[in-house]
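Asker: I'd like to ask you about the structure that follows.
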Amino acid sequence: MKKPISRRNFLGKAAVAGAAGAVVPSFMNSCAHDGKMKDIILPGFNDQAPDGPELKAGLIGCGGRGTGAAINFLSAGTNLKVTALGDVFTDRLESCRERLLNQKDNEVADENCFIGFDAYQKVIDSGVDIIILATPPYFRHEQFAAAVNARKHVFMEKPVAVDPVGARSIMATAKKAESMRLNVVTGTQRRHQRDYANTYARVAAGEIGDIVSANVYWNGGKLWHRNPNPDWTEMEYMIRDWVNWCWLSGDHIVEQHVHNLDVVNWFTGMHPVKAVGFGARHRRVTGDQFDNFSVDFVMGNGIHVHSMCRQINGCVNNVSERIQGTRGSSNCRNQIYDLGGELIWSYEPQGTNEEGKAVLKVGPYDQEHIDFVTAIRTGGYINEAENTAISTMVAIMGRISAYTGKETSWDEMMNSDLKLGPKVFEFGPVDISKNVPIPGEAFKPKV
């Protein structure tokens with residue numbers, strides 16, 4: 001893990017499973033990092049997965065993102081069914097079940113609807129081919145391991161863990177899935193987004209030269225929260241309010257900002273090895289998390305990546321990535337600039353919306369499921385679990401640095417025994433600290 005991750009591992013592998021890509025000459029006629037001339041290998045994407053035998057999926061975690069992922073799966077091609085649902089809350093499961101029926105004419109039988117903390121195993125055992133994991137991230141590593149042990153293909157949302165123990169568990173299970181040729185897609189949809197993938201192909205060919213620095217941002221408004229309900233136990237309240245509790249979400253640097261950190265890992269072909277960060281809590285109304293972070297990440301080759309994320313209303317927003325090279329720069333998504341800041345290339349979308357505006361022909365949330373199903377049906381192979389576990393661990397490293405005020409390192413993360421969350425899962429009190437972290441030491445006046 002100390003070595004730079006190979007470009008092959010970070011290439012959008014969905015392209016391998018999709019339509020054949022194209023090779024075009026680099027317009028800058030530039031050199032890649034090994035000093036040799038490189039052509040641009042453009043990725044290929046299918047607009048829909050090929051037909052094939054029916055594939056049955058089971059959804060674990062029936063909230064908004066889980067329901068959305070199930071709909072994306074059903075939209076990916078033909079002969080696709082969601083046949084089992086699992087959640088800890090009946091209302092969430094029934095809402096999901098209704099949406100699948102109304103929007104996709106997909107009916108889930110009563111006997112395949114499971115409630116409780118053990119519902120995930122019942123879904124896995126229900127005779128499905130594919131598992132869709134969309135529970136709060138704390139539960140991800142255990143459920144992923146159970147799905148792989150049962151030889152199921154897996155789509156799971158990011159992030160894939162909230163602590164070092166969970167992230168390393170995902171890495172180990174990813175290797176096991178690879179040995180079984182089980183396909184795994186992980187919700188880092190930028191790797192399946194056509195403009196990002198085309199921009200990556202040009203950067204990989206050397207069009208901006210050697211990457212020397214990067215900046216990543218997810219500065220946006222407050223997400224949702226739930227107020228306590230006297231009819232709920234503390235456990236129910238925390239799970240319903242999960243995005244505001246570190247043990248369930250990892251804090252927003254992990255839960256949300258992992259997208260941007262993953263893009264930098266992808267484009268540079270490596271991951272940070274240390275971090276120094278800070279953060280604070282100004283406006284968050286529930287939970288134990290910060291609402292802003294700023295982290296200086298350092299790669300093994302000395303490249304610095306400045307990471308900034310915030311969830312506060314009424315502030316300037318920015319959700320983007322930027323990499324600087326020796327010959328130019330890129331926003332990673334759809335543009336390349338020369339050293340003078342002049343735009344020299346931009347991605348041209350292939351589709352239009354109802355207003356006639358140019359948009360991606362297929363959106364990334366659908367595309368990742370198209371690529372997933374395509375790989376399963378064609379014998380191609382995708383396994384994104386290790387890459388996303390690495391990006392998740394990077395975010396955890398930044399969070400720990402900000403919480404403690406100390407420099408943290410990749411080696412420390414890979415040897416840490418930190419495991420968040422309670423030891424007992426039942427609807428009652430939750431035996432964990434609810435205090436907001438405070439870095440450093442209090443001022444002690446001299447006597």
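Labeling convention for the structure tokens: chains A, B, ... as they appear, residues from 1 per chain, ligands from 1 in order of appearance.
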Give me the residues of region 165-257 of chain A that have any atom at most 8 Å from an atom of region 412-428 of chain A; for each, the nearest atom pair and the distance in Å, rounded to one decimal. Use only C-alpha atoms, sort by chain and number, and format it as a Markdown table.

Answerer:
```
| residue | atom | partner | partner_atom | distance |
| --- | --- | --- | --- | --- |
| A:Val165 | CA | A:Lys419 | CA | 5.8 |
| A:Gly166 | CA | A:Lys419 | CA | 7.4 |
| A:Arg168 | CA | A:Met414 | CA | 7.2 |
| A:Thr233 | CA | A:Gly428 | CA | 5.1 |
| A:Glu234 | CA | A:Gly428 | CA | 5.8 |
| A:Met235 | CA | A:Phe427 | CA | 5.3 |
| A:Glu236 | CA | A:Phe427 | CA | 6.2 |
| A:Trp247 | CA | A:Gly421 | CA | 5.1 |
| A:Leu248 | CA | A:Gly421 | CA | 7.4 |
```

Asker: If you keep N, CA and C atoms, can you produce a file of those selected residues as a short mmCIF file (atom, residue, chain, number, x, y, z; two decimals), in the first residue's frame?

Answerer:
```
data_model
loop_
_atom_site.label_atom_id
_atom_site.label_comp_id
_atom_site.auth_asym_id
_atom_site.auth_seq_id
_atom_site.Cartn_x
_atom_site.Cartn_y
_atom_site.Cartn_z
N VAL A 165 -10.35 -0.07 11.04
CA VAL A 165 -10.65 -1.50 11.08
C VAL A 165 -11.62 -1.87 9.96
N GLY A 166 -12.64 -1.07 9.77
CA GLY A 166 -13.61 -1.35 8.71
C GLY A 166 -13.01 -1.22 7.32
N ARG A 168 -9.87 -1.66 6.41
CA ARG A 168 -8.99 -2.79 6.14
C ARG A 168 -9.79 -4.07 5.90
N THR A 233 -36.31 5.02 20.50
CA THR A 233 -35.17 4.82 21.39
C THR A 233 -33.99 5.62 20.87
N GLU A 234 -32.94 5.71 21.67
CA GLU A 234 -31.75 6.44 21.22
C GLU A 234 -31.13 5.78 19.99
N MET A 235 -31.12 4.45 19.95
CA MET A 235 -30.57 3.76 18.79
C MET A 235 -31.37 4.08 17.53
N GLU A 236 -32.69 4.05 17.63
CA GLU A 236 -33.51 4.37 16.45
C GLU A 236 -33.26 5.79 16.00
N TRP A 247 -19.92 7.71 14.11
CA TRP A 247 -19.81 6.25 14.11
C TRP A 247 -20.64 5.62 13.01
N LEU A 248 -21.66 6.34 12.53
CA LEU A 248 -22.51 5.81 11.46
C LEU A 248 -22.10 6.29 10.08
#
```

Asker: Mind checking which residues fall within 8 Å of Gly328 (chain A), counting only C-alpha atoms, ignoring those fewer than 5 positions away in the same chain, and posting them as number ranges by chain?

Answerer: A: 207-209, 336-341

Asker: Please dump the current selection as an mmCIF file, in the first residue's frame; keep N, CA and C atoms.

Answerer:
```
data_model
loop_
_atom_site.group_PDB
_atom_site.id
_atom_site.type_symbol
_atom_site.label_atom_id
_atom_site.label_comp_id
_atom_site.auth_asym_id
_atom_site.auth_seq_id
_atom_site.Cartn_x
_atom_site.Cartn_y
_atom_site.Cartn_z
ATOM 1 N N GLU A 207 -1.227 14.923 -21.183
ATOM 2 C CA GLU A 207 -1.524 16.221 -21.793
ATOM 3 C C GLU A 207 -1.283 17.405 -20.871
ATOM 4 N N ILE A 208 -1.267 17.203 -19.548
ATOM 5 C CA ILE A 208 -0.897 18.310 -18.665
ATOM 6 C C ILE A 208 0.484 18.076 -18.060
ATOM 7 N N GLY A 209 1.195 17.053 -18.544
ATOM 8 C CA GLY A 209 2.516 16.736 -18.025
ATOM 9 C C GLY A 209 2.430 16.000 -16.707
ATOM 10 N N ILE A 336 -9.363 21.087 -19.992
ATOM 11 C CA ILE A 336 -7.909 21.116 -19.856
ATOM 12 C C ILE A 336 -7.419 22.500 -20.280
ATOM 13 N N TYR A 337 -6.478 23.041 -19.500
ATOM 14 C CA TYR A 337 -5.935 24.373 -19.748
ATOM 15 C C TYR A 337 -4.424 24.285 -19.944
ATOM 16 N N ASP A 338 -3.870 25.268 -20.682
ATOM 17 C CA ASP A 338 -2.421 25.347 -20.772
ATOM 18 C C ASP A 338 -1.883 26.114 -19.568
ATOM 19 N N LEU A 339 -0.560 26.289 -19.517
ATOM 20 C CA LEU A 339 0.046 26.937 -18.351
ATOM 21 C C LEU A 339 -0.360 28.390 -18.215
ATOM 22 N N GLY A 340 -0.810 28.997 -19.278
ATOM 23 C CA GLY A 340 -1.273 30.375 -19.222
ATOM 24 C C GLY A 340 -2.727 30.505 -18.806
ATOM 25 N N GLY A 341 -3.388 29.377 -18.553
ATOM 26 C CA GLY A 341 -4.793 29.411 -18.148
ATOM 27 C C GLY A 341 -5.764 29.427 -19.311
#
```

Asker: Using DSSP on the backbone, list every residue of region 339-371 of chain A that comes out as strand (DSSP E or B), and give them as a short mmCIF file (atom, residue, chain, number, x, y, z; two decimals) with C-alpha atoms, in the first residue's frame.

Answerer:
```cif
data_model
loop_
_atom_site.label_atom_id
_atom_site.label_comp_id
_atom_site.auth_asym_id
_atom_site.auth_seq_id
_atom_site.Cartn_x
_atom_site.Cartn_y
_atom_site.Cartn_z
CA LEU A 343 -8.79 26.57 -22.30
CA ILE A 344 -7.42 24.13 -24.88
CA TRP A 345 -9.91 21.26 -24.63
CA SER A 346 -13.40 20.66 -23.29
CA GLY A 351 -27.04 14.08 -25.28
CA THR A 352 -29.62 16.83 -24.74
CA ALA A 358 -26.32 19.56 -23.88
CA VAL A 359 -26.02 16.91 -21.16
#
```

Asker: Mind checking DSSP for region 328-417 of chain A and telling me the helix (DSSP H, G or I) residues as an mmCIF file with N, CA and C atoms, in the first residue's frame?

Answerer:
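Contents of part.cif, freshly written:
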```cif
data_model
loop_
_atom_site.group_PDB
_atom_site.id
_atom_site.type_symbol
_atom_site.label_atom_id
_atom_site.label_comp_id
_atom_site.auth_asym_id
_atom_site.auth_seq_id
_atom_site.Cartn_x
_atom_site.Cartn_y
_atom_site.Cartn_z
ATOM 1 N N PRO A 364 -24.269 9.354 -14.624
ATOM 2 C CA PRO A 364 -23.344 8.424 -13.966
ATOM 3 C C PRO A 364 -24.012 7.457 -13.008
ATOM 4 N N TYR A 365 -25.131 7.836 -12.393
ATOM 5 C CA TYR A 365 -25.801 6.916 -11.463
ATOM 6 C C TYR A 365 -26.392 5.725 -12.198
ATOM 7 N N ASP A 366 -26.873 5.959 -13.420
ATOM 8 C CA ASP A 366 -27.319 4.839 -14.254
ATOM 9 C C ASP A 366 -26.125 4.115 -14.869
ATOM 10 N N GLN A 367 -25.112 4.884 -15.284
ATOM 11 C CA GLN A 367 -23.972 4.286 -15.989
ATOM 12 C C GLN A 367 -23.243 3.268 -15.130
ATOM 13 N N GLU A 368 -23.090 3.545 -13.839
ATOM 14 C CA GLU A 368 -22.349 2.594 -13.009
ATOM 15 C C GLU A 368 -23.078 1.253 -12.916
ATOM 16 N N HIS A 369 -24.404 1.271 -12.975
ATOM 17 C CA HIS A 369 -25.156 0.014 -12.958
ATOM 18 C C HIS A 369 -25.153 -0.652 -14.333
ATOM 19 N N ILE A 370 -25.156 0.149 -15.388
ATOM 20 C CA ILE A 370 -25.006 -0.420 -16.731
ATOM 21 C C ILE A 370 -23.671 -1.151 -16.844
ATOM 22 N N ASP A 371 -22.612 -0.518 -16.370
ATOM 23 C CA ASP A 371 -21.288 -1.132 -16.423
ATOM 24 C C ASP A 371 -21.224 -2.389 -15.546
ATOM 25 N N PHE A 372 -21.867 -2.333 -14.407
ATOM 26 C CA PHE A 372 -21.923 -3.453 -13.469
ATOM 27 C C PHE A 372 -22.609 -4.660 -14.108
ATOM 28 N N VAL A 373 -23.811 -4.446 -14.651
ATOM 29 C CA VAL A 373 -24.559 -5.541 -15.269
ATOM 30 C C VAL A 373 -23.850 -6.037 -16.527
ATOM 31 N N THR A 374 -23.262 -5.123 -17.290
ATOM 32 C CA THR A 374 -22.533 -5.509 -18.493
ATOM 33 C C THR A 374 -21.385 -6.456 -18.153
ATOM 34 N N ALA A 375 -20.641 -6.122 -17.098
ATOM 35 C CA ALA A 375 -19.525 -6.980 -16.691
ATOM 36 C C ALA A 375 -20.012 -8.363 -16.294
ATOM 37 N N ILE A 376 -21.113 -8.435 -15.566
ATOM 38 C CA ILE A 376 -21.644 -9.724 -15.134
ATOM 39 C C ILE A 376 -22.076 -10.561 -16.330
ATOM 40 N N ARG A 377 -22.721 -9.919 -17.297
ATOM 41 C CA ARG A 377 -23.312 -10.669 -18.414
ATOM 42 C C ARG A 377 -22.324 -10.982 -19.528
ATOM 43 N N THR A 378 -21.224 -10.258 -19.586
ATOM 44 C CA THR A 378 -20.288 -10.469 -20.695
ATOM 45 C C THR A 378 -19.009 -11.175 -20.259
ATOM 46 N N ALA A 385 -13.753 -2.224 -5.013
ATOM 47 C CA ALA A 385 -13.819 -2.176 -3.560
ATOM 48 C C ALA A 385 -12.514 -1.713 -2.920
ATOM 49 N N GLU A 386 -11.373 -2.241 -3.395
ATOM 50 C CA GLU A 386 -10.105 -1.858 -2.776
ATOM 51 C C GLU A 386 -9.800 -0.382 -3.014
ATOM 52 N N ASN A 387 -9.998 0.088 -4.237
ATOM 53 C CA ASN A 387 -9.748 1.499 -4.529
ATOM 54 C C ASN A 387 -10.588 2.403 -3.643
ATOM 55 N N THR A 388 -11.869 2.065 -3.467
ATOM 56 C CA THR A 388 -12.739 2.902 -2.659
ATOM 57 C C THR A 388 -12.397 2.781 -1.182
ATOM 58 N N ALA A 389 -11.946 1.611 -0.746
ATOM 59 C CA ALA A 389 -11.471 1.475 0.634
ATOM 60 C C ALA A 389 -10.244 2.350 0.879
ATOM 61 N N ILE A 390 -9.369 2.434 -0.107
ATOM 62 C CA ILE A 390 -8.183 3.297 0.007
ATOM 63 C C ILE A 390 -8.603 4.759 0.113
ATOM 64 N N SER A 391 -9.518 5.191 -0.750
ATOM 65 C CA SER A 391 -9.992 6.577 -0.704
ATOM 66 C C SER A 391 -10.712 6.863 0.607
ATOM 67 N N THR A 392 -11.469 5.884 1.096
ATOM 68 C CA THR A 392 -12.142 6.031 2.383
ATOM 69 C C THR A 392 -11.124 6.170 3.508
ATOM 70 N N MET A 393 -10.074 5.363 3.465
ATOM 71 C CA MET A 393 -9.040 5.437 4.498
ATOM 72 C C MET A 393 -8.330 6.792 4.465
ATOM 73 N N VAL A 394 -8.113 7.341 3.285
ATOM 74 C CA VAL A 394 -7.517 8.673 3.172
ATOM 75 C C VAL A 394 -8.393 9.698 3.879
ATOM 76 N N ALA A 395 -9.703 9.630 3.655
ATOM 77 C CA ALA A 395 -10.629 10.558 4.296
ATOM 78 C C ALA A 395 -10.624 10.372 5.814
ATOM 79 N N ILE A 396 -10.573 9.122 6.268
ATOM 80 C CA ILE A 396 -10.495 8.842 7.706
ATOM 81 C C ILE A 396 -9.219 9.433 8.290
ATOM 82 N N MET A 397 -8.113 9.309 7.565
ATOM 83 C CA MET A 397 -6.836 9.869 8.003
ATOM 84 C C MET A 397 -6.954 11.382 8.187
ATOM 85 N N GLY A 398 -7.609 12.053 7.247
ATOM 86 C CA GLY A 398 -7.813 13.497 7.371
ATOM 87 C C GLY A 398 -8.710 13.856 8.535
ATOM 88 N N ARG A 399 -9.758 13.081 8.738
ATOM 89 C CA ARG A 399 -10.679 13.346 9.857
ATOM 90 C C ARG A 399 -9.962 13.215 11.196
ATOM 91 N N ILE A 400 -9.185 12.156 11.349
ATOM 92 C CA ILE A 400 -8.487 11.927 12.613
ATOM 93 C C ILE A 400 -7.484 13.044 12.884
ATOM 94 N N SER A 401 -6.799 13.515 11.854
ATOM 95 C CA SER A 401 -5.872 14.622 12.031
ATOM 96 C C SER A 401 -6.603 15.873 12.515
ATOM 97 N N ALA A 402 -7.754 16.171 11.900
ATOM 98 C CA ALA A 402 -8.517 17.355 12.296
ATOM 99 C C ALA A 402 -9.096 17.209 13.701
ATOM 100 N N TYR A 403 -9.565 16.030 14.037
ATOM 101 C CA TYR A 403 -10.125 15.797 15.373
ATOM 102 C C TYR A 403 -9.066 15.928 16.475
ATOM 103 N N THR A 404 -7.835 15.505 16.175
ATOM 104 C CA THR A 404 -6.787 15.467 17.195
ATOM 105 C C THR A 404 -5.826 16.644 17.127
ATOM 106 N N TRP A 410 -0.452 7.241 6.823
ATOM 107 C CA TRP A 410 -1.060 6.040 6.246
ATOM 108 C C TRP A 410 -0.657 4.798 7.034
ATOM 109 N N ASP A 411 0.591 4.707 7.427
ATOM 110 C CA ASP A 411 1.047 3.550 8.204
ATOM 111 C C ASP A 411 0.282 3.447 9.514
ATOM 112 N N GLU A 412 0.019 4.577 10.153
ATOM 113 C CA GLU A 412 -0.765 4.559 11.387
ATOM 114 C C GLU A 412 -2.169 4.035 11.129
ATOM 115 N N MET A 413 -2.763 4.458 10.034
ATOM 116 C CA MET A 413 -4.115 3.991 9.705
ATOM 117 C C MET A 413 -4.131 2.489 9.445
ATOM 118 N N MET A 414 -3.091 2.002 8.773
ATOM 119 C CA MET A 414 -3.055 0.587 8.433
ATOM 120 C C MET A 414 -2.736 -0.300 9.637
ATOM 121 N N ASN A 415 -2.351 0.323 10.747
ATOM 122 C CA ASN A 415 -2.064 -0.442 11.961
ATOM 123 C C ASN A 415 -2.976 -0.059 13.129
#
```

Asker: If you count only C-alpha atoms, which residues fall within 8 Å of Asp296 (chain A), apart from same-chain ones fewer than 2 positions away, as a ChimeraX atom specification?

Answerer: /A:275-277,294,298,304-307

Asker: With a distance cut-off of 12 Å and only C-alpha atoms, select the neighbouring residues of region 88-94 of chain A, excluding the residue or stretch itself and same-chain residues fewer than 2 positions from it, and output the selection as a compact mmCIF listing (two decimals) with C-alpha atoms, in the first residue's frame.

Answerer:
```txt
# COMPACT_ATOMS: atom_id res chain seq x y z
CA LEU A 59 -31.54 -4.33 -1.55
CA ILE A 60 -30.16 -3.88 1.97
CA GLY A 61 -30.91 -0.40 3.25
CA CYS A 62 -34.15 1.04 1.85
CA GLY A 63 -33.63 4.76 2.43
CA GLY A 64 -33.45 7.40 -0.27
CA ARG A 65 -30.07 6.39 -1.70
CA GLY A 66 -30.84 2.69 -1.48
CA THR A 67 -34.13 3.14 -3.28
CA ALA A 84 -35.83 -8.86 -1.78
CA LEU A 85 -35.68 -5.89 0.59
CA GLY A 86 -34.11 -5.49 4.02
CA CYS A 96 -39.06 1.81 -1.04
CA ARG A 97 -41.34 -1.06 -2.00
CA GLU A 98 -44.03 1.39 -3.14
CA ARG A 99 -41.61 3.45 -5.22
CA LEU A 100 -40.22 0.37 -6.98
CA LEU A 101 -43.75 -0.71 -7.86
CA GLU A 107 -43.17 -5.91 -7.09
CA VAL A 108 -41.45 -7.47 -4.07
CA ALA A 109 -43.29 -10.31 -2.37
CA ASP A 110 -44.17 -10.13 1.33
CA ASN A 112 -38.97 -11.42 0.76
CA CYS A 113 -39.28 -8.29 2.92
CA PHE A 114 -37.13 -8.47 6.05
CA ILE A 115 -36.91 -6.18 9.08
CA GLY A 116 -34.23 -6.02 11.78
CA PHE A 117 -30.48 -5.87 12.32
CA ASP A 118 -30.21 -9.37 10.81
CA ALA A 119 -32.29 -8.48 7.74
CA TYR A 120 -29.16 -8.23 5.60
CA THR A 135 -27.16 0.96 4.81
CA PRO A 136 -25.25 3.60 6.85
CA PHE A 139 -22.47 -1.55 8.63
CA TRP A 232 -37.94 6.38 19.36
CA MET A 235 -30.57 3.76 18.79
CA GLU A 236 -33.51 4.37 16.45
CA TYR A 237 -32.98 8.11 16.61
CA ILE A 239 -29.80 5.52 12.86
CA ARG A 240 -32.57 7.72 11.45
CA PHE A 425 -27.07 -3.44 18.65
CA GLU A 426 -30.57 -3.27 20.00
CA PHE A 427 -33.23 -0.59 20.22
```

Asker: Provide the CA of Val82 (chain A) to CA of His259 (chain A) distance in Å, to one decimal place.

Answerer: 26.7 Å

Asker: I'd like the contact shell of Thr199 (chain A) - 10 Å cut-off, only C-alpha atoms, skipping same-chain residues fewer than 5 positions apart - returned as a VMD selection string.

Answerer: chain A and resid 40 42 to 43 194 204 to 205 207 267 330 to 336 345 to 347

Asker: What is the CA of Ala147 (chain A)-CA of His257 (chain A) distance in Å, reported with one decimal?

Answerer: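 Between CA of Ala147 (chain A) and CA of His257 (chain A) the gap is 26.3 Å.
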
Asker: Could you name the residues that touch Ser169 (chain A) at 10 Å or less, counting only C-alpha atoms, but leaving out those on the same chain fewer than 4 positions away, as a ChimeraX atom specification?

Answerer: /A:140-142,144-145,160-161,164-165,173-174,386,389

Asker: Any idea what's packed within 10 Å of Lys81 (chain A), counting only C-alpha atoms, ignoring anything in its chain fewer than 3 positions away? Could you give it as a list of chain:residue names?

Answerer: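 In the requested form, the answer reads A:Glu54, A:Leu55, A:Lys56, A:Ala57, A:Gly58, A:Ala70, A:Ile71, A:Phe73, A:Leu74, A:Thr78, A:Ala84, A:Lys104, A:Asp105, A:Asn106, A:Glu107, A:Val108, A:Val128, A:Ile130.
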
Asker: Can I get the selection written as a compact mmCIF listing (two decimals), in the first residue's frame, with N, CA and C atoms?

Answerer:
```txt
# COMPACT_ATOMS: atom_id res chain seq x y z
N GLU A 54 -32.25 -13.53 -16.52
CA GLU A 54 -32.71 -12.65 -15.46
C GLU A 54 -31.71 -12.60 -14.31
N LEU A 55 -31.46 -11.39 -13.83
CA LEU A 55 -30.61 -11.16 -12.66
C LEU A 55 -31.49 -10.61 -11.54
N LYS A 56 -31.43 -11.26 -10.40
CA LYS A 56 -32.25 -10.84 -9.25
C LYS A 56 -31.36 -10.16 -8.20
N ALA A 57 -31.80 -9.00 -7.77
CA ALA A 57 -31.04 -8.23 -6.78
C ALA A 57 -31.81 -8.13 -5.48
N GLY A 58 -31.08 -8.10 -4.39
CA GLY A 58 -31.64 -7.82 -3.08
C GLY A 58 -31.07 -6.52 -2.55
N ALA A 70 -31.54 1.09 -6.35
CA ALA A 70 -32.36 0.00 -6.89
C ALA A 70 -33.02 0.41 -8.19
N ILE A 71 -33.50 1.65 -8.26
CA ILE A 71 -34.11 2.15 -9.49
C ILE A 71 -33.07 2.26 -10.60
N PHE A 73 -30.44 0.40 -10.91
CA PHE A 73 -30.19 -0.97 -11.32
C PHE A 73 -31.28 -1.45 -12.28
N LEU A 74 -32.53 -1.21 -11.95
CA LEU A 74 -33.64 -1.65 -12.81
C LEU A 74 -33.64 -0.94 -14.15
N THR A 78 -32.51 -4.97 -19.48
CA THR A 78 -33.69 -5.83 -19.44
C THR A 78 -33.45 -7.04 -18.54
N ALA A 84 -35.88 -8.80 -3.24
CA ALA A 84 -35.83 -8.86 -1.78
C ALA A 84 -35.41 -7.51 -1.23
N LYS A 104 -41.15 1.52 -11.43
CA LYS A 104 -40.52 0.51 -12.29
C LYS A 104 -41.35 -0.76 -12.44
N ASP A 105 -42.58 -0.75 -11.93
CA ASP A 105 -43.45 -1.93 -12.01
C ASP A 105 -42.75 -3.17 -11.48
N ASN A 106 -42.00 -2.97 -10.40
CA ASN A 106 -41.24 -4.07 -9.77
C ASN A 106 -41.89 -4.38 -8.42
N GLU A 107 -42.48 -5.53 -8.31
CA GLU A 107 -43.17 -5.91 -7.09
C GLU A 107 -42.30 -6.88 -6.29
N VAL A 108 -42.21 -6.61 -4.98
CA VAL A 108 -41.45 -7.47 -4.07
C VAL A 108 -42.44 -8.19 -3.16
N VAL A 128 -31.00 -14.38 -4.31
CA VAL A 128 -30.65 -13.32 -5.25
C VAL A 128 -29.27 -13.56 -5.86
N ILE A 130 -27.43 -10.68 -6.89
CA ILE A 130 -26.73 -9.41 -6.66
C ILE A 130 -27.21 -8.82 -5.34
```
